[in-house]
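Shown next, in structure tokens, is the structure this report addresses.
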Amino acid sequence: MADTSDFETRSATLADAAAIAAIYNEGIADRVATFETEPRSVAQIAEWFSGRRIVVVAETGKDGLVAFAASSPYSDRPCYSGIGEFSAYVRRDYRHRGAGRAVLAALMEAATAAGLHKLTSWVFPENLASRALLKRLGFEEIGIHRRHGKLDGYWRDCVIVERLLDTGSAEDQA
């Protein structure tokens with residue numbers, strides 16, 4: 001298991017938008033973690049700070065911001081309040097070094113503090129590193145969306161993952 005003590009995690013601020021955009025754009029270009037194909041501008045990322053999204057970052061003293069994770073409401077329908085749809089991205093030169101684990105742990109903590117009771121996402125089946133990390137963090141693979149979206153002209157499957165968060169309330173378990 002990677003040592004996450006090399007990373008400081010915190011809530012993201014608007015000042016982080018450029019670094020977040022750069023990391024997200026690497027993920028878009030790599031075609032292993034998102035259906036998105038168009039790079040994101042700093043202005044588009046800045047919009048994340050005007051709504052109900054939770055955004056956390058991991059950074060090092062030497063190299064600055066190296067990873068981010070974000071959660072947005074799963075749906076606007078009231079029956080789904082408390083469920084966050086999340087994603088996490090790590091700068092290429094920091095992948096497989098514990099930054100993903102650090103930023104996801106910070107996201108789970110922030111989501112719990114915000115009153116969310118579940119985080120969910122979709123992962124490409126061949127993204128074995130992300131799937132293994134999510135499993136180590138207590139996420140369960142609960143199914144597969146077959147041919148869920150097109151990427152570069154090809155239908156792609158997605159593994160559905162979720163983790164129930166400890167909200168401390170017996171009412172939430174009913």
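Labels for the structure tokens follow display order: chains A, B, ..., residues from 1 in each chain, ligands from 1.
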
(request) Write down as a list in words the residues of stretch 127-156 of chain A whose backbone DSSP state falls under strand (DSSP E). (result)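 Result set for stretch 127-156 of chain A (strand (DSSP E)): Glu140, Glu141, Ile142, Gly143, Ile144, His145, Arg146, Arg147, His148, Gly149, Lys150, Leu151, Tyr154, Trp155 and Arg156 of chain A.
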
(request) Mind checking which residues fall within 6 Å of stretch 72-85 of chain A, counting only C-alpha atoms, ignoring those fewer than 3 positions away in the same chain, and posting them as a ChimeraX atom specification? (result) /A:53,116-121

(request) Write down as a PyMOL selection string the residues of stretch 37-161 of chain A whose backbone DSSP state falls under alpha helix (DSSP H). (result) chain A and resi 42-46+99-113+128-136

(request) Could you please determine the separation between atom CA of A:Tyr89 and atom CA of A:Ile142 in Å, to one decimal place? (result)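 If I compute the distance from atom CA of A:Tyr89 to atom CA of A:Ile142, I get 21.8 Å.
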
12 Å contact set for A:Ala15, only C-alpha atoms, chain neighbours under 6 positions out, as an mmCIF file with N, CA and C atoms, in the first residue's frame:
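Printed below is selection35.cif as written:
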data_model
loop_
_atom_site.group_PDB
_atom_site.id
_atom_site.type_symbol
_atom_site.label_atom_id
_atom_site.label_comp_id
_atom_site.auth_asym_id
_atom_site.auth_seq_id
_atom_site.Cartn_x
_atom_site.Cartn_y
_atom_site.Cartn_z
ATOM 1 N N ALA A 21 -7.447 21.883 -14.129
ATOM 2 C CA ALA A 21 -7.698 21.746 -15.569
ATOM 3 C C ALA A 21 -6.558 20.992 -16.246
ATOM 4 N N VAL A 42 -9.690 26.654 -17.983
ATOM 5 C CA VAL A 42 -9.667 27.095 -16.586
ATOM 6 C C VAL A 42 -11.026 27.673 -16.216
ATOM 7 N N ALA A 43 -11.649 28.408 -17.129
ATOM 8 C CA ALA A 43 -12.972 28.993 -16.862
ATOM 9 C C ALA A 43 -14.021 27.908 -16.610
ATOM 10 N N ILE A 45 -13.468 24.896 -15.370
ATOM 11 C CA ILE A 45 -13.191 24.330 -14.047
ATOM 12 C C ILE A 45 -13.610 25.322 -12.966
ATOM 13 N N ALA A 46 -13.407 26.599 -13.191
ATOM 14 C CA ALA A 46 -13.797 27.619 -12.207
ATOM 15 C C ALA A 46 -15.287 27.547 -11.897
ATOM 16 N N TRP A 48 -16.930 25.010 -11.322
ATOM 17 C CA TRP A 48 -17.137 23.997 -10.287
ATOM 18 C C TRP A 48 -17.260 24.626 -8.900
ATOM 19 N N PHE A 49 -16.744 25.818 -8.727
ATOM 20 C CA PHE A 49 -16.713 26.443 -7.409
ATOM 21 C C PHE A 49 -17.932 27.324 -7.144
ATOM 22 N N VAL A 57 -8.009 18.491 -3.172
ATOM 23 C CA VAL A 57 -6.752 18.328 -3.898
ATOM 24 C C VAL A 57 -5.707 17.693 -2.993
ATOM 25 N N LEU A 65 0.244 21.010 -6.753
ATOM 26 C CA LEU A 65 -0.959 20.196 -6.845
ATOM 27 C C LEU A 65 -0.715 19.017 -7.791
#

(message) Can you tell me which residues surround stretch 102-112 of chain A at a distance of at most 8 Å, considering only C-alpha atoms, apart from same-chain residues fewer than 2 positions away, and format the answer as a list in words?
(response)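 Contacts, in chain order: Thr4, Phe7, Thr9, Arg10, Ile54, Val55, Val56, Val57, Ala58, Ala67, Phe68, Ala69, Ala70, Ser71, Gly84, Ala88, Gly98, Ala99, Gly100, Ala114, Gly115, Leu116, His117, Leu119, Leu137, Leu165, Asp166 and Thr167 of chain A.
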
For the residues in the current selection, export N, CA and C atoms as an mmCIF file, in the first residue's frame.
data_model
loop_
_atom_site.group_PDB
_atom_site.id
_atom_site.type_symbol
_atom_site.label_atom_id
_atom_site.label_comp_id
_atom_site.auth_asym_id
_atom_site.auth_seq_id
_atom_site.Cartn_x
_atom_site.Cartn_y
_atom_site.Cartn_z
ATOM 1 N N THR A 4 0.672 7.651 1.946
ATOM 2 C CA THR A 4 0.038 8.909 1.551
ATOM 3 C C THR A 4 0.516 10.077 2.393
ATOM 4 N N PHE A 7 1.702 13.540 0.933
ATOM 5 C CA PHE A 7 0.741 14.439 0.306
ATOM 6 C C PHE A 7 -0.075 15.186 1.354
ATOM 7 N N THR A 9 -3.569 17.118 1.821
ATOM 8 C CA THR A 9 -4.870 17.232 1.165
ATOM 9 C C THR A 9 -5.636 18.377 1.790
ATOM 10 N N ARG A 10 -6.480 18.999 0.973
ATOM 11 C CA ARG A 10 -7.282 20.131 1.436
ATOM 12 C C ARG A 10 -8.425 20.354 0.460
ATOM 13 N N ILE A 54 -18.160 19.163 -4.380
ATOM 14 C CA ILE A 54 -17.071 19.062 -3.406
ATOM 15 C C ILE A 54 -15.808 18.791 -4.208
ATOM 16 N N VAL A 55 -14.782 19.597 -3.997
ATOM 17 C CA VAL A 55 -13.521 19.404 -4.719
ATOM 18 C C VAL A 55 -12.386 19.436 -3.704
ATOM 19 N N VAL A 56 -11.559 18.412 -3.730
ATOM 20 C CA VAL A 56 -10.390 18.333 -2.851
ATOM 21 C C VAL A 56 -9.152 18.095 -3.710
ATOM 22 N N VAL A 57 -8.009 18.491 -3.172
ATOM 23 C CA VAL A 57 -6.752 18.328 -3.898
ATOM 24 C C VAL A 57 -5.707 17.693 -2.993
ATOM 25 N N ALA A 58 -4.711 17.095 -3.656
ATOM 26 C CA ALA A 58 -3.522 16.595 -2.968
ATOM 27 C C ALA A 58 -2.345 17.345 -3.576
ATOM 28 N N ALA A 67 -3.033 15.995 -7.648
ATOM 29 C CA ALA A 67 -4.234 15.184 -7.841
ATOM 30 C C ALA A 67 -5.443 15.970 -7.349
ATOM 31 N N PHE A 68 -6.601 15.600 -7.889
ATOM 32 C CA PHE A 68 -7.852 16.164 -7.380
ATOM 33 C C PHE A 68 -8.935 15.104 -7.438
ATOM 34 N N ALA A 69 -9.932 15.283 -6.610
ATOM 35 C CA ALA A 69 -11.137 14.463 -6.652
ATOM 36 C C ALA A 69 -12.315 15.409 -6.477
ATOM 37 N N ALA A 70 -13.394 15.109 -7.163
ATOM 38 C CA ALA A 70 -14.572 15.970 -7.110
ATOM 39 C C ALA A 70 -15.827 15.116 -7.040
ATOM 40 N N SER A 71 -16.807 15.628 -6.343
ATOM 41 C CA SER A 71 -18.100 14.978 -6.245
ATOM 42 C C SER A 71 -19.178 16.015 -6.536
ATOM 43 N N GLY A 84 -23.397 11.249 -4.000
ATOM 44 C CA GLY A 84 -22.455 12.016 -4.805
ATOM 45 C C GLY A 84 -21.857 11.167 -5.902
ATOM 46 N N ALA A 88 -11.807 11.152 -9.855
ATOM 47 C CA ALA A 88 -10.497 11.522 -9.314
ATOM 48 C C ALA A 88 -9.468 11.392 -10.427
ATOM 49 N N GLY A 98 0.554 7.024 -4.663
ATOM 50 C CA GLY A 98 -0.254 7.277 -3.471
ATOM 51 C C GLY A 98 -1.092 8.530 -3.512
ATOM 52 N N ALA A 99 -0.941 9.350 -4.540
ATOM 53 C CA ALA A 99 -1.712 10.595 -4.615
ATOM 54 C C ALA A 99 -3.205 10.322 -4.807
ATOM 55 N N GLY A 100 -3.535 9.311 -5.601
ATOM 56 C CA GLY A 100 -4.938 8.961 -5.801
ATOM 57 C C GLY A 100 -5.588 8.501 -4.512
ATOM 58 N N ALA A 114 -20.062 16.622 4.685
ATOM 59 C CA ALA A 114 -21.121 17.371 3.996
ATOM 60 C C ALA A 114 -22.481 16.677 4.088
ATOM 61 N N GLY A 115 -22.504 15.495 4.727
ATOM 62 C CA GLY A 115 -23.767 14.790 4.912
ATOM 63 C C GLY A 115 -24.126 13.807 3.815
ATOM 64 N N LEU A 116 -23.216 13.541 2.899
ATOM 65 C CA LEU A 116 -23.510 12.530 1.881
ATOM 66 C C LEU A 116 -23.473 11.149 2.522
ATOM 67 N N HIS A 117 -24.297 10.245 2.019
ATOM 68 C CA HIS A 117 -24.278 8.891 2.566
ATOM 69 C C HIS A 117 -23.718 7.875 1.577
ATOM 70 N N LEU A 119 -21.080 7.523 -2.197
ATOM 71 C CA LEU A 119 -20.356 7.988 -3.378
ATOM 72 C C LEU A 119 -20.442 6.895 -4.433
ATOM 73 N N LEU A 137 -10.082 0.925 -0.946
ATOM 74 C CA LEU A 137 -10.719 1.993 -0.168
ATOM 75 C C LEU A 137 -12.151 1.652 0.232
ATOM 76 N N LEU A 165 -21.066 5.660 2.942
ATOM 77 C CA LEU A 165 -20.259 6.410 3.899
ATOM 78 C C LEU A 165 -20.881 6.293 5.275
ATOM 79 N N ASP A 166 -20.071 6.359 6.299
ATOM 80 C CA ASP A 166 -20.561 6.281 7.672
ATOM 81 C C ASP A 166 -21.125 7.635 8.072
ATOM 82 N N THR A 167 -22.445 7.737 8.098
ATOM 83 C CA THR A 167 -23.061 8.993 8.501
ATOM 84 C C THR A 167 -23.376 9.026 9.981
#

(request) Grab the atom CA of A:Lys135 to atom CA of A:Arg95 distance for me, in Å with one decimal place. (result)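 Atom CA of A:Arg95 lies 16.9 Å from atom CA of A:Lys135.
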
(message) I'd like to know which of A:Cys158, A:Ala19, A:Ala29, A:Leu14 is closest to A:Gly64, using only C-alpha atoms.
(response) A:Ala19

(message) List as a list in words the protein and nucleic acid residues near A:Phe124, meaning an atom at most 8 Å away when only C-alpha atoms are counted, but skip any in the same chain fewer than 2 places from it.
(response)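 Near A:Phe124, the qualifying residues are Val32, Ala33, Trp122, Glu126, Asn127, Arg156, Asp157, Cys158 and Val159 of chain A.
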
(request) Excluding A:Lys150 and residues on its chain fewer than 3 positions from it, collect all residues at most 12 Å away from it, counting only C-alpha atoms, and give them as a ChimeraX atom specification. (result) /A:31,34-37,124,146-147,153-158

Residue subset to file, keeping C-alpha atoms, as a PDB file, in the first residue's frame:
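Here's the written file selection.pdb:
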ATOM      1  CA  ARG A  31      -8.518   8.018 -22.810  1.00  0.00           C
ATOM      2  CA  THR A  34     -13.471   9.484 -19.005  1.00  0.00           C
ATOM      3  CA  PHE A  35     -15.731   9.703 -22.024  1.00  0.00           C
ATOM      4  CA  GLU A  36     -14.804  13.377 -22.344  1.00  0.00           C
ATOM      5  CA  THR A  37     -12.751  14.200 -25.429  1.00  0.00           C
ATOM      6  CA  PHE A 124     -13.637   1.560 -17.549  1.00  0.00           C
ATOM      7  CA  ARG A 146     -22.799  -2.508 -21.127  1.00  0.00           C
ATOM      8  CA  ARG A 147     -21.984  -0.235 -24.049  1.00  0.00           C
ATOM      9  CA  GLY A 153     -16.311   5.919 -32.112  1.00  0.00           C
ATOM     10  CA  TYR A 154     -16.423   2.761 -29.971  1.00  0.00           C
ATOM     11  CA  TRP A 155     -19.017   1.721 -27.414  1.00  0.00           C
ATOM     12  CA  ARG A 156     -17.397   1.253 -23.998  1.00  0.00           C
ATOM     13  CA  ASP A 157     -18.565  -0.630 -20.909  1.00  0.00           C
ATOM     14  CA  CYS A 158     -18.349   0.867 -17.417  1.00  0.00           C
TER      15      CYS A 158
END

(message) Which residues are close to A:Ala132, i.e. within 12 Å by only C-alpha atoms, leaving aside same-chain residues fewer than 6 positions away? Reply as a ChimeraX atom specification.
(response) /A:1,96,100-101,123,125-126,138-141,161

With C-alpha atoms retained, write the just-selected residues as a PDB file, in the first residue's frame.
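Output (selection-v2.pdb):
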ATOM      1  CA  MET A   1       0.000   0.000   0.000  1.00  0.00           C
ATOM      2  CA  HIS A  96       1.017   4.925  -8.730  1.00  0.00           C
ATOM      3  CA  GLY A 100      -4.938   8.961  -5.801  1.00  0.00           C
ATOM      4  CA  ARG A 101      -5.392   7.208  -2.483  1.00  0.00           C
ATOM      5  CA  VAL A 123     -14.803   3.017 -14.250  1.00  0.00           C
ATOM      6  CA  PRO A 125     -13.155  -2.212 -17.037  1.00  0.00           C
ATOM      7  CA  GLU A 126      -9.547  -2.114 -18.261  1.00  0.00           C
ATOM      8  CA  GLY A 138     -13.899  -0.014   0.415  1.00  0.00           C
ATOM      9  CA  PHE A 139     -15.751   0.645  -2.838  1.00  0.00           C
ATOM     10  CA  GLU A 140     -17.769  -2.240  -4.209  1.00  0.00           C
ATOM     11  CA  GLU A 141     -18.213  -3.115  -7.852  1.00  0.00           C
ATOM     12  CA  VAL A 161     -18.694   1.348  -8.105  1.00  0.00           C
TER      13      VAL A 161
END

(message) As an exercise, work out the distance from atom CA of A:Tyr24 to atom CA of A:Arg40 in Å and give it to one decimal place.
(response)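 We find that atom CA of A:Tyr24 and atom CA of A:Arg40 lie 7.4 Å from each other.
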